[in-house]
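Some notes on the structure that comes next.
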Amino acid sequence: MDPSKAPTPAAPEIDEEKKRKADEKKKAKAEEKAAKEAKFKAKQEQVEAEKKRAAEKKKAEAEKKSADPSGASGSASGSSSSSDASDKAAAGDKKLRLKKEYVNPTPVGQKKDTAAPLDAAYDPPTVEAAWYDWWQQCGFFNPEKQVALQQQYGYSSENAKENFTIVIPPPNVTGSLHLGHALTNAVQDALVRYHRMRGFRTLWVPGTDHAGIATQVTVEKRLARERGVNRHDLGREAFIKEVWKWKEEYGGKINIQLRRLGSSLDWSREVFTMDEDRSKAVTEAFVRFYQEGLLYRDTRLVNWDSNLRTAISDVEVDYIDLDGPKMMTVPGHGDNRYEFGVLIEFAYKVDGSDKDELVVATTRVETMLADTAVAIHPNDPRYKHLHGKSVVHPFHGTKIPIICDDKLVDMNFGTGVVKVTPAHDPNDYECGLRHSLPMPTMLTLDGKINAVGGQFEGMLRFDARNAVIKALEEKGLYRGKKPNPMRLGVCSRSNDVIEPRLMPQWWVKCDGLGARALQASNNGDIEFYPASQKDAFARWLSPIRDWCISRQLWWGHRIPAYLVQPKNQAPVDSNSGANWVVARSHEEALKLACQKTGLAESDLTLEQDPDVLDTWFSSGLFPFSVMGWPEKTQDLQTYYPTSILETGQDILFFWVVRMIIMGQQLTGSLPFSKVMLHAMVRDAHGRKMSKALGNVIDPLDVTEGISLEDLHAKLYTGNLDPKEIENAKAGQREDFPNGIGECGTDAMRFALCAYTSQARDINLDIKRVEGYRNFCNKIWNATKLVMLRLGAGFTPAPCKAHGAPLAIPAGARLGEQWILDSLARTVQKTEEGFQKFDFSQATSAIFAFWKDDFCDVYLETIKPILQEEGYSEEVKNATREVMYTCIDVGLRLLHPFMPFLTEELYQRIPRRPGDQIPTIMLAPFPSPAAVAPLINDQIAPGMTVAMDIVRSIRSVRSSYNVVPSKRPKVVINCTTPAQLDTAKAFTDIIKTLSLSGSLEVVNSQAPEPGFAVNVINETSQVYVDIKDLVDVDAEITKLEARRTQLENNRDALAKKINNPQFSKAPANVQEDTTSKFKALEQEIETTKNAIDNFRKLSSK
C-alpha cells in the first residue's frame, strides 16, 4: 500500500472531543428520561386525583340519597376547581338519566326468563341483558345452523339457496370503537339481520386489524410512560413480544363492544390480520405479485414521518389549513415554536457576475441545503442571458446549474425563479428526472440535518430552518418573508410535520390493475350506493399512482424479500431490485439466490428486508383471506365473492379500491358486487371528531349515559397534554353541559341508521338519540297495553305457513282496516328502503307507523271497543286480532334496527298455532307479498279527512282550555256530499279521538248559540258546545280580535285584486288570490256568527 494513502491516525484532541460529546449525549439522555418519568408521574397523580374526586362525589351522592330517600336536593359540596363550578352551573337542576345497576340473574348462554310481567317502563340494561349470550350459544349467528334451524321450524325459503356474505371492516386492535364504528356496525347488522330473516344463508365475518403504525405508536408511548424506554432500547425481537403482550391484554375490548352493540357476527370465524393463516395469505400475495411483474423496488419520494421514522400512506396524512404566519410546536423539538405559513425569499448569486442574482421563495428554506438546480422559464425575457449559466451555493460553494423548465416554472408568479430540491419535493423530483439532476437527501431518518447540510449537520430540521435564515442574513442574501396561506401536512398518528423524501421502497405497479377495476365499474359489475360514489371511484383510478407498500416499522408483516450478498465481495447495492429475491421462506429464497447468482449456498448470505408491509396490503386481502385463501377451503368456495362491502366514504380509495384490484388479480373475481358507503360522523356543529376537541364519543357512553365529570375524567386516560385537556373540557361543557343521558343500544342503532340520509357528513346530535330512547319506551308501553287487552287466553288466528299472506279479519271496522293498510304500506316502504340501501326511508316508515299511526291513533280508537258495552264479539275479536298482527309484524320489521327490544317483546307475545321459531332473528321478515291483501286504497284518504276533523276539534278544546274530563257536544258541518259521507263513516273514530260527548254530522247548518267554531277547510267546519265550559266574555274579546285580523287580511287582498295590474298576473295566481279572498270572507262571516252566538249566550 502506498504510504502516502495510509489513513492518518486520529489526533488525541479529536478522541477527547468525541468522548466529551458522547458523555454529554449520555447525560442529556438520562436527563430526558428523568424528565419523562417526572412528567408521567405528575400526569398519573392528576389522573388519580380525578378518579378520587369522582369516587368521593359518588360516595357523597349515595350517602345523600340514603339520608334523603325523596331525592330532594341539598347544597352541593364545595370545589376548588373553577371549571367544576362552571360545570355545575351549566348543568343546572336537570337530572341526568344514567344506567341503573342491574344484576343479570340469567346464567351465561341460557335463555332469559320472560314469564314475569313487563316492567312499568323501558329500562335498557334490563332489556339488553342475557340475549346476546343466548343468541351466540344457540348458534343463531352461524349460517349453517341458521338455515338448519329455520327449516327445522318450518320456515322454508327459496332464499336459503343463496348466500348473503359480508365482512366487517376490521377495526384497529389498538383501541376502542367510536361512533363511526358504531354507525358501520349498526348499518351492517341491520343488513345481516334483514337477510337472515329473509332466509338467506347469512354470514358476517368478524376480525381485527393489526394496525401497524397505530399499534406500534400506542405501545411505544406506553413503554416511554411506564418504563422510560423506546423500541430501540429493547431491540426488535423484545419489542415485538411487548406488542403481542399488549394485544392479548387489551385487544379484546373491541369484541366486547361489538357484542354490546348487538352485532350478530359469526365468532367461530373470527380472524386477526396477523394470525397464522392471514400471514400466510399476505406472503403468498406478495410473492405472486412479484412473480407476475406487479412488484418492484425503486427509490422514490414518500411521505416521511421523522418522529416515527417511517413512510406513511396518504390516508395517514392530515392537513392543517393556515391562513398566514403561525408559530407552532413540532414533535421531537421540545417546547420550541417555529413559524409556518410564510414564504422566505433569498438570493442565489450568479457565478462569474458581481451583480446578477436570482431570488427564489420557499416555505421550507432549510431544504436549500440540498438544492441541485435553479429553474427559470425558457421564454422569460428577464433571464434569457442566464441560459446555460450557474449560481453559487452560499454554504457549499458548489456551482448549481440554471435550468429551463416550462412545466415547473410559471414566469408570471413571484420572481419567476424556482429552487429545485429533487429529493424533498414531488414537483422538484419530476423536474430532477427530466433534467437528470443529482438527488441528495439532506435529512437523517430521525429528521436531523445530515452531512449534505455542511455546517448545519446534526441540527434538528426546524432549528436548521432558523439557522439557515440567520446565515443568509449574515451573507447579505436574505430578502425577507411574506405571509403565505398553505396546507401543512402532518401525520395523523404523531402530529409530526411530514417530509417528502427519497427512500428505496417496494412498490405495486397499479396502472393495469386500476384500469381493470375501472372497467368493472364502467361495465356495471360493481354498483355503488349512493350512485355518486361511482364518479369518485373513477377519479381515484384516473390515473392511479403506483402504491408504496414498505413501512419502516417493526410491528406488521415483514416483507418476504431477501438481499443477496455474495461472500467475500463488496457490498451489493441494496437500493437495486436486481440484488433481491422474493420467496415464501428463507429456504426458498436461498434456492432462488443460488439460481440467480450461480453460486453455492455456502457462498451466499441472505438478509431479509427489515421493513414491514403497509397495513392496507393485508386489509386489501381481507374479503378472501378470511375465507382461507390461498387454500381452496370450503368457505372460500361457498361464501366468496361476498355480497356487499359497507364502509365509510373516507376509505373508498385506501381500502375499497385495493380490495377490488387485489381480488381481481389474485382470485380472478371481484370481491363484492355492491359497495355501500356511508357518510362521516361529525359532531352537532359539523366538526371532525377529535380527542383534542373533546367531541369523540364512546358508543357505550351513549348507551349507558355518562356525567360531565366522568367525561372529563376520561380525558386524563389518553395521551393529551394538559392544554389539550383543558380545551377538550371546554368543548365537552359546551356540547354536553349535563353529560349524556342513557339512551340504550337500540335507540343509538336506530338513530345512526336514520342519520344515513345525510349525503356527505352526519352531524350527530345526541338529543336526537335521546328522542329515540323515548320511542323505545313508547313501543314498550304499547306492547304492554296490547298484551293486557288481548288477555291471557288469547290465541292469534292460524297462518298457512311462515310468511304466508295475511287477511283482514271478519268484523274489522274502518279503524282496523286503516291500521292494517298503514302496516302494509310500512312493510312496502321498509322493503324498498332495504333494497335501495336507504336506511333513512326504512327507519322513517317504521317510526311513523309505530308512533304516529299505531300508538297515537289506533290504540286510542279501540279503547271503547274493549272497555264498553255495545260491541259484538266479532268486532272485539277482530280488534284483538288486528292489535296482535300490528305488534307481531311491527316487531319483526323493527328487529334489524332494534334487536334487543324486539327480542324481549317478541318472546312475550303469543304465537300463531304451529309457530315454534325460537327467536325473532330467525322469524320471517315481513314481505310485501304477505301484506298485499291488507292494502285498501280508499281507506287512507278517508282517515286523513277524519284526522283533520279531530285536529280541528282538539284545537278548539286547546284554545278554550277544555279539560280532558269534559266531553262537549260537537257538530261537524259539511257542505259537500263527499265530506258528509266521510265524516259520517268515521264518526266513532272522530268521537273517540276528540273526546267528544256526542257528535252530529250536518249539511250546511249554522252553529247554535254558545258553540265555538273552527274552520277545517272551505267546505267544512266544526262547532263545539262550550257555553258551560269557558269564560264567554273572554272568548268574545278573542273572536273580535280575530275578526279584525281577518278583515285586515281581506282588505289587503281586495286592494291587490282591485289593482289594475292584477289582471296581468298569471291565471293561477289570480285564481289562488281570489279563492283566498272568498275563504277569508267566509271565515269572517263565520267569526261574526260565533261572536253573535257568544253574545246571545252571554245575554241568557
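Chain identifiers are assigned as A, B, and so on, following the order in which chains appear in the C-alpha cells; residues are numbered from 1 within each chain, and ligands are numbered from 1 in order of appearance.
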key: Test item: residues at most 12 Å from Ser602 of chain A, only C-alpha atoms, excluding those fewer than 2 positions along its chain, as a list in words   =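 Within the cut-off, the hits are Gln565, Pro566, Lys567, Asn568, Leu590, Lys591, Ala593, Cys594, Gly598, Leu599, Ala600, Leu604, Thr605 and Leu606 of chain A.
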If you run DSSP over the backbone, which residues in segment 977-1014 of chain A end up strand (DSSP E or B)? Put them as an mmCIF file with N, CA, C and O atoms, in the first residue's frame.
```cif
data_model
loop_
_atom_site.group_PDB
_atom_site.id
_atom_site.type_symbol
_atom_site.label_atom_id
_atom_site.label_comp_id
_atom_site.auth_asym_id
_atom_site.auth_seq_id
_atom_site.Cartn_x
_atom_site.Cartn_y
_atom_site.Cartn_z
ATOM 1 N N SER A 998 -121.107 13.915 22.453
ATOM 2 C CA SER A 998 -121.960 13.445 21.359
ATOM 3 C C SER A 998 -121.469 14.102 20.096
ATOM 4 O O SER A 998 -120.858 15.178 20.126
ATOM 5 N N LEU A 999 -121.746 13.470 18.963
ATOM 6 C CA LEU A 999 -121.216 14.001 17.706
ATOM 7 C C LEU A 999 -122.279 13.860 16.633
ATOM 8 O O LEU A 999 -122.847 12.772 16.432
ATOM 9 N N GLU A 1000 -122.513 14.965 15.945
ATOM 10 C CA GLU A 1000 -123.532 15.004 14.904
ATOM 11 C C GLU A 1000 -122.909 15.555 13.630
ATOM 12 O O GLU A 1000 -122.127 16.512 13.675
ATOM 13 N N VAL A 1001 -123.215 14.926 12.496
ATOM 14 C CA VAL A 1001 -122.742 15.404 11.198
ATOM 15 C C VAL A 1001 -123.930 16.015 10.469
ATOM 16 O O VAL A 1001 -124.969 15.356 10.274
ATOM 17 N N VAL A 1002 -123.805 17.303 10.071
ATOM 18 C CA VAL A 1002 -124.915 18.026 9.427
ATOM 19 C C VAL A 1002 -124.445 18.591 8.092
ATOM 20 O O VAL A 1002 -123.246 18.680 7.823
ATOM 21 N N ASN A 1003 -125.422 19.049 7.326
ATOM 22 C CA ASN A 1003 -125.139 19.596 5.996
ATOM 23 C C ASN A 1003 -125.542 21.061 5.969
ATOM 24 O O ASN A 1003 -126.722 21.391 6.074
ATOM 25 N N PHE A 1011 -121.717 27.834 20.726
ATOM 26 C CA PHE A 1011 -120.794 26.873 20.112
ATOM 27 C C PHE A 1011 -119.571 27.614 19.551
ATOM 28 O O PHE A 1011 -119.714 28.620 18.857
ATOM 29 N N ALA A 1012 -118.386 27.119 19.890
ATOM 30 C CA ALA A 1012 -117.153 27.645 19.288
ATOM 31 C C ALA A 1012 -117.006 27.057 17.895
ATOM 32 O O ALA A 1012 -117.330 25.890 17.664
ATOM 33 N N VAL A 1013 -116.530 27.869 16.988
ATOM 34 C CA VAL A 1013 -116.428 27.451 15.588
ATOM 35 C C VAL A 1013 -114.958 27.375 15.180
ATOM 36 O O VAL A 1013 -114.173 28.263 15.491
ATOM 37 N N ASN A 1014 -114.635 26.306 14.454
ATOM 38 C CA ASN A 1014 -113.288 26.189 13.872
ATOM 39 C C ASN A 1014 -113.438 25.705 12.443
ATOM 40 O O ASN A 1014 -114.125 24.709 12.166
#
```
task = Would you mind listing what lies within 10 Å of Thr106 of chain A as a PyMOL selection string, with only C-alpha atoms counted and same-chain residues fewer than 5 positions away left out?
result = chain A and resi 111-113+129-131+133-134
inquiry  = Need to verify the contact set: segment 694-711 of chain A, 8 Å, only C-alpha atoms, exclusion of same-chain residues closer than 3 positions in sequence. Can you return it as an MDAnalysis selection string?
reply    = chainID A and resid 54 84 87 96:99 176:179 182 257 683 689:691 714:715 725 727:733 735:745 748 766
request  = May I have all residues of segment 431-498 of chain A that DSSP, computed from the backbone, assigns to helix (DSSP H, G or I), given as a PyMOL selection string?
outcome  = chain A and resi 431-435+451-456+461-474
request  = Name all residues at most 9 Å from Val317 of chain A (count only C-alpha atoms; drop same-chain ones fewer than 2 positions away) and give them as a list in words.
outcome  =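 What passes the distance filter is Asn303, Ile312, Ser313, Asp314, Val315, Tyr319, Gly489, Val490, Cys491, Ser492, Arg493 and Ile498 of chain A.
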Output of the above residues as a PDB file, in the first residue's frame, restricted to N, CA and C atoms:
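Listed below is the output, result_8.pdb:
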```
ATOM      1  N   ASN A 303     -44.048   9.916   1.813  1.00  0.00           N
ATOM      2  CA  ASN A 303     -44.395  10.748   2.973  1.00  0.00           C
ATOM      3  C   ASN A 303     -43.593  10.226   4.167  1.00  0.00           C
ATOM      4  N   ILE A 312     -45.400   6.842   5.487  1.00  0.00           N
ATOM      5  CA  ILE A 312     -46.809   6.622   5.810  1.00  0.00           C
ATOM      6  C   ILE A 312     -47.640   6.834   4.552  1.00  0.00           C
ATOM      7  N   SER A 313     -48.848   6.293   4.572  1.00  0.00           N
ATOM      8  CA  SER A 313     -49.728   6.405   3.413  1.00  0.00           C
ATOM      9  C   SER A 313     -50.417   7.761   3.399  1.00  0.00           C
ATOM     10  N   ASP A 314     -50.986   8.107   2.257  1.00  0.00           N
ATOM     11  CA  ASP A 314     -51.682   9.387   2.134  1.00  0.00           C
ATOM     12  C   ASP A 314     -52.837   9.497   3.129  1.00  0.00           C
ATOM     13  N   VAL A 315     -53.527   8.385   3.419  1.00  0.00           N
ATOM     14  CA  VAL A 315     -54.676   8.420   4.333  1.00  0.00           C
ATOM     15  C   VAL A 315     -54.257   8.762   5.750  1.00  0.00           C
ATOM     16  N   TYR A 319     -54.262  17.449   7.199  1.00  0.00           N
ATOM     17  CA  TYR A 319     -53.801  18.752   6.723  1.00  0.00           C
ATOM     18  C   TYR A 319     -54.332  19.871   7.607  1.00  0.00           C
ATOM     19  N   GLY A 489     -49.070  19.434   5.880  1.00  0.00           N
ATOM     20  CA  GLY A 489     -49.334  18.015   6.105  1.00  0.00           C
ATOM     21  C   GLY A 489     -48.688  17.511   7.384  1.00  0.00           C
ATOM     22  N   VAL A 490     -49.480  16.874   8.232  1.00  0.00           N
ATOM     23  CA  VAL A 490     -48.955  16.292   9.468  1.00  0.00           C
ATOM     24  C   VAL A 490     -49.459  14.854   9.592  1.00  0.00           C
ATOM     25  N   CYS A 491     -48.694  14.044  10.294  1.00  0.00           N
ATOM     26  CA  CYS A 491     -49.071  12.645  10.494  1.00  0.00           C
ATOM     27  C   CYS A 491     -50.245  12.560  11.469  1.00  0.00           C
ATOM     28  N   SER A 492     -51.261  11.801  11.104  1.00  0.00           N
ATOM     29  CA  SER A 492     -52.434  11.670  11.961  1.00  0.00           C
ATOM     30  C   SER A 492     -52.121  10.927  13.247  1.00  0.00           C
ATOM     31  N   ARG A 493     -51.024  10.189  13.273  1.00  0.00           N
ATOM     32  CA  ARG A 493     -50.668   9.413  14.471  1.00  0.00           C
ATOM     33  C   ARG A 493     -49.747  10.189  15.422  1.00  0.00           C
ATOM     34  N   ILE A 498     -44.899  16.303   7.999  1.00  0.00           N
ATOM     35  CA  ILE A 498     -44.455  15.322   7.008  1.00  0.00           C
ATOM     36  C   ILE A 498     -43.371  15.908   6.111  1.00  0.00           C
TER      37      ILE A 498
END
```
key: All residues 8 Å or closer to segment 451-453 of chain A, only C-alpha atoms, same chain fewer than 3 positions away omitted, as a list in words   = Leu369, Ala370, Pro440, Thr441, Met442, Phe456 and Glu457 of chain A
Write the selection just made, keeping all heavy atoms, as a compact mmCIF listing (two decimals), in the first residue's frame?
```txt
# COMPACT_ATOMS: atom_id res chain seq x y z
N LEU A 369 -30.40 23.44 1.40
CA LEU A 369 -29.13 22.76 1.62
C LEU A 369 -28.96 21.61 0.63
O LEU A 369 -27.83 21.15 0.40
CB LEU A 369 -29.06 22.24 3.05
CG LEU A 369 -29.13 23.31 4.15
CD1 LEU A 369 -29.21 22.66 5.53
CD2 LEU A 369 -27.91 24.24 4.06
N ALA A 370 -30.07 21.13 0.05
CA ALA A 370 -29.99 20.03 -0.92
C ALA A 370 -30.44 20.47 -2.31
O ALA A 370 -30.77 19.63 -3.15
CB ALA A 370 -30.84 18.85 -0.44
N PRO A 440 -29.53 14.51 -3.82
CA PRO A 440 -29.03 14.24 -2.47
C PRO A 440 -30.13 14.45 -1.41
O PRO A 440 -30.92 15.38 -1.49
CB PRO A 440 -27.91 15.26 -2.30
CG PRO A 440 -28.33 16.41 -3.16
CD PRO A 440 -29.01 15.80 -4.36
N THR A 441 -30.13 13.58 -0.42
CA THR A 441 -31.06 13.71 0.72
C THR A 441 -30.35 14.44 1.84
O THR A 441 -29.22 14.08 2.21
CB THR A 441 -31.51 12.32 1.19
OG1 THR A 441 -32.20 11.67 0.12
CG2 THR A 441 -32.44 12.42 2.38
N MET A 442 -30.98 15.44 2.42
CA MET A 442 -30.33 16.28 3.41
C MET A 442 -30.72 15.94 4.85
O MET A 442 -30.24 16.57 5.79
CB MET A 442 -30.68 17.76 3.17
CG MET A 442 -32.16 17.99 3.04
SD MET A 442 -32.69 19.67 3.35
CE MET A 442 -32.61 19.71 5.12
N PHE A 456 -24.46 22.88 9.06
CA PHE A 456 -25.71 22.70 9.83
C PHE A 456 -25.93 21.24 10.24
O PHE A 456 -26.96 20.92 10.82
CB PHE A 456 -26.91 23.18 9.01
CG PHE A 456 -26.77 24.59 8.53
CD1 PHE A 456 -26.31 24.86 7.23
CD2 PHE A 456 -27.05 25.67 9.36
CE1 PHE A 456 -26.17 26.16 6.79
CE2 PHE A 456 -26.90 26.97 8.92
CZ PHE A 456 -26.45 27.23 7.63
N GLU A 457 -24.97 20.39 9.94
CA GLU A 457 -25.11 18.96 10.23
C GLU A 457 -25.40 18.74 11.72
O GLU A 457 -24.79 19.35 12.59
CB GLU A 457 -23.85 18.20 9.83
CG GLU A 457 -23.97 16.69 10.06
CD GLU A 457 -22.72 15.92 9.66
OE1 GLU A 457 -21.73 16.59 9.23
OE2 GLU A 457 -22.72 14.68 9.76
```
